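**Student:** Below are the C-alpha cells for one structure; questions will follow.
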Amino acid sequence: MIIDEPQVRCPFCRGLMPGWMSRYPCKTCTLCERPLFLLPSISSRDHRSVLSAIDVVKIIMLPVMAGATISFAMGRLDVDSYAHIVAGALLTWGIIDVWDGTAGLRTGIDKVRKRIRRGAVARKMSLAKTIFGSASTVLGGLGLLMVR
Ligand SMILES: [Zn+2]
C-alpha cells in the first residue's frame with residue numbers, strides 16, 4: 001500500500017482525484033466515474049501515469065478495425081471472419097458508450113474528443129451516447145449470434 005500518494009489528475013475529466021487509494025491498477029474516477037488504469041511510466045515525474053480506459057480502448061480499436069478492413073479488401077480475410085470482427089467491435093464500442101453515457105448521466109460530466117462539458121449539456125450528450133451505445137451493443141450482439 002502506498003500511503004502518501006500525490007494527487008492524481010483524472011485523464012478523462014481533468015479533475016483532481018484524492019489520490020489513487022486503491023490496491024488495484026484499475027478503478028473508476030471519483031468525480032466522473034469513468035474507468036481508469038494506473039500504469040508505470042518512465043516519462044512522468046512520479047513514474048506512474050493514469051489512463052482513461054475508454055480512451056485506450058477507442059485508440060486500440062481504430063488500428064484493429066483499419067487492419068481488418070485492409071486485410072478484407074486484400075482478400076486475406078473471409079467474409080465471416082470480417083463480420084465477426086465488425087460485430088465484436090460494435091459490441092465493444094457499444095458497451096463503452098453505454099458506460100460512458102450512464103456515468104455522464106450520473107455525474108453530469110461528459111467529454112467528446114478533448115472538450116469537457118458539464119451540467120445539462122453533458123447530460124444530453126450522455127443520454128445520446130447511452131441510446132446509441134445500447135443500439136450498437138444490440139446490433140453487435142445479434143451480429144455475433146448470427147455469424148458462424
Ligand atoms: Zn474523472
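Starting from 1 in every chain, residues are counted up; chains themselves are A, B, ... following the order of the C-alpha cells, and ligands are numbered from 1 as listed.
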Could you list the protein, DNA and RNA residues that have any atom within 12 Å of ligand 1, counting only C-alpha atoms and all ligand atoms, and write them as a PyMOL selection string?

**Tutor:** chain A and resi 8-18+20+27-37+50-54+100+103-104+107-111+116+118

**Student:** From a DSSP calculation on the backbone, collect every residue of range 1-144 of chain A in alpha helix (DSSP H) and output the set as an MDAnalysis selection string.

**Tutor:** chainID A and resid 53:73 79:107 120:144

**Student:** For those residues, write C-alpha atoms to a file as a PDB file, in the first residue's frame.

**Tutor:**
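Result written to out21.pdb:
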```pdb
ATOM      1  CA  ALA A  53      -9.821   3.086 -20.151  1.00  0.00           C
ATOM      2  CA  ILE A  54     -12.481   4.475 -22.505  1.00  0.00           C
ATOM      3  CA  ASP A  55      -9.878   6.427 -24.483  1.00  0.00           C
ATOM      4  CA  VAL A  56      -7.415   3.497 -24.506  1.00  0.00           C
ATOM      5  CA  VAL A  57      -9.968   1.047 -25.909  1.00  0.00           C
ATOM      6  CA  LYS A  58     -11.060   3.524 -28.581  1.00  0.00           C
ATOM      7  CA  ILE A  59      -7.431   4.120 -29.577  1.00  0.00           C
ATOM      8  CA  ILE A  60      -6.769   0.355 -29.784  1.00  0.00           C
ATOM      9  CA  MET A  61      -9.973  -0.271 -31.748  1.00  0.00           C
ATOM     10  CA  LEU A  62      -9.093   2.057 -34.627  1.00  0.00           C
ATOM     11  CA  PRO A  63      -5.974   0.211 -35.924  1.00  0.00           C
ATOM     12  CA  VAL A  64      -7.710  -3.141 -35.293  1.00  0.00           C
ATOM     13  CA  MET A  65     -10.675  -2.089 -37.433  1.00  0.00           C
ATOM     14  CA  ALA A  66      -8.446  -0.481 -40.074  1.00  0.00           C
ATOM     15  CA  GLY A  67      -6.233  -3.592 -40.181  1.00  0.00           C
ATOM     16  CA  ALA A  68      -9.240  -5.903 -40.529  1.00  0.00           C
ATOM     17  CA  THR A  69     -10.734  -3.740 -43.282  1.00  0.00           C
ATOM     18  CA  ILE A  70      -7.459  -3.661 -45.230  1.00  0.00           C
ATOM     19  CA  SER A  71      -6.999  -7.457 -44.871  1.00  0.00           C
ATOM     20  CA  PHE A  72     -10.579  -7.972 -46.030  1.00  0.00           C
ATOM     21  CA  ALA A  73     -10.102  -5.633 -49.025  1.00  0.00           C
ATOM     22  CA  VAL A  79     -16.452 -12.514 -45.049  1.00  0.00           C
ATOM     23  CA  ASP A  80     -17.324 -14.480 -41.905  1.00  0.00           C
ATOM     24  CA  SER A  81     -14.160 -13.513 -40.037  1.00  0.00           C
ATOM     25  CA  TYR A  82     -14.578  -9.905 -41.074  1.00  0.00           C
ATOM     26  CA  ALA A  83     -18.224  -9.917 -39.953  1.00  0.00           C
ATOM     27  CA  HIS A  84     -17.088 -11.346 -36.609  1.00  0.00           C
ATOM     28  CA  ILE A  85     -14.581  -8.557 -36.119  1.00  0.00           C
ATOM     29  CA  VAL A  86     -17.093  -5.865 -37.111  1.00  0.00           C
ATOM     30  CA  ALA A  87     -19.771  -7.305 -34.788  1.00  0.00           C
ATOM     31  CA  GLY A  88     -17.245  -7.635 -31.953  1.00  0.00           C
ATOM     32  CA  ALA A  89     -16.114  -4.048 -32.478  1.00  0.00           C
ATOM     33  CA  LEU A  90     -19.723  -2.802 -32.473  1.00  0.00           C
ATOM     34  CA  LEU A  91     -20.375  -4.689 -29.245  1.00  0.00           C
ATOM     35  CA  THR A  92     -17.217  -3.371 -27.532  1.00  0.00           C
ATOM     36  CA  TRP A  93     -17.836   0.168 -28.757  1.00  0.00           C
ATOM     37  CA  GLY A  94     -21.472  -0.051 -27.624  1.00  0.00           C
ATOM     38  CA  ILE A  95     -20.604  -1.254 -24.115  1.00  0.00           C
ATOM     39  CA  ILE A  96     -18.063   1.555 -23.775  1.00  0.00           C
ATOM     40  CA  ASP A  97     -20.551   4.176 -24.946  1.00  0.00           C
ATOM     41  CA  VAL A  98     -23.196   2.886 -22.538  1.00  0.00           C
ATOM     42  CA  TRP A  99     -20.676   3.015 -19.666  1.00  0.00           C
ATOM     43  CA  ASP A 100     -19.549   6.473 -20.751  1.00  0.00           C
ATOM     44  CA  GLY A 101     -23.156   7.638 -21.181  1.00  0.00           C
ATOM     45  CA  THR A 102     -24.565   6.288 -17.918  1.00  0.00           C
ATOM     46  CA  ALA A 103     -21.568   7.631 -15.948  1.00  0.00           C
ATOM     47  CA  GLY A 104     -22.140  11.008 -17.616  1.00  0.00           C
ATOM     48  CA  LEU A 105     -25.825  10.940 -16.697  1.00  0.00           C
ATOM     49  CA  ARG A 106     -24.966  10.272 -13.051  1.00  0.00           C
ATOM     50  CA  THR A 107     -22.140  12.798 -12.713  1.00  0.00           C
ATOM     51  CA  ALA A 120     -27.366  19.956 -18.709  1.00  0.00           C
ATOM     52  CA  VAL A 121     -25.381  19.856 -21.989  1.00  0.00           C
ATOM     53  CA  ALA A 122     -23.257  16.975 -20.686  1.00  0.00           C
ATOM     54  CA  ARG A 123     -26.391  15.073 -19.645  1.00  0.00           C
ATOM     55  CA  LYS A 124     -27.915  15.490 -23.115  1.00  0.00           C
ATOM     56  CA  MET A 125     -24.728  14.163 -24.755  1.00  0.00           C
ATOM     57  CA  SER A 126     -24.587  11.315 -22.248  1.00  0.00           C
ATOM     58  CA  LEU A 127     -28.182  10.373 -22.972  1.00  0.00           C
ATOM     59  CA  ALA A 128     -27.388  10.262 -26.707  1.00  0.00           C
ATOM     60  CA  LYS A 129     -24.303   8.122 -26.017  1.00  0.00           C
ATOM     61  CA  THR A 130     -26.359   5.736 -23.886  1.00  0.00           C
ATOM     62  CA  ILE A 131     -29.009   5.354 -26.608  1.00  0.00           C
ATOM     63  CA  PHE A 132     -26.519   4.908 -29.479  1.00  0.00           C
ATOM     64  CA  GLY A 133     -24.334   2.688 -27.301  1.00  0.00           C
ATOM     65  CA  SER A 134     -27.275   0.403 -26.455  1.00  0.00           C
ATOM     66  CA  ALA A 135     -28.213   0.223 -30.136  1.00  0.00           C
ATOM     67  CA  SER A 136     -24.724  -0.799 -31.224  1.00  0.00           C
ATOM     68  CA  THR A 137     -24.435  -3.283 -28.328  1.00  0.00           C
ATOM     69  CA  VAL A 138     -27.654  -4.963 -29.507  1.00  0.00           C
ATOM     70  CA  LEU A 139     -26.533  -4.860 -33.166  1.00  0.00           C
ATOM     71  CA  GLY A 140     -23.096  -6.243 -32.339  1.00  0.00           C
ATOM     72  CA  GLY A 141     -24.564  -8.933 -30.105  1.00  0.00           C
ATOM     73  CA  LEU A 142     -27.077 -10.000 -32.754  1.00  0.00           C
ATOM     74  CA  GLY A 143     -24.320  -9.944 -35.362  1.00  0.00           C
ATOM     75  CA  LEU A 144     -22.145 -12.286 -33.294  1.00  0.00           C
TER      76      LEU A 144
END
```

**Student:** Quick one, how far is CA of Ser22 in chain A from CA of Arg117 in chain A?

**Tutor:**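 Taking CA of Ser22 in chain A as the start and CA of Arg117 in chain A as the end point, the length is 27.1 Å.
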
**Student:** Quick check, in Å to one decimal: how far apart do CA of Ser41 in chain A and CA of Pro25 in chain A lie?

**Tutor:**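 Taking CA of Ser41 in chain A as the start and CA of Pro25 in chain A as the end point, the length is 13.0 Å.
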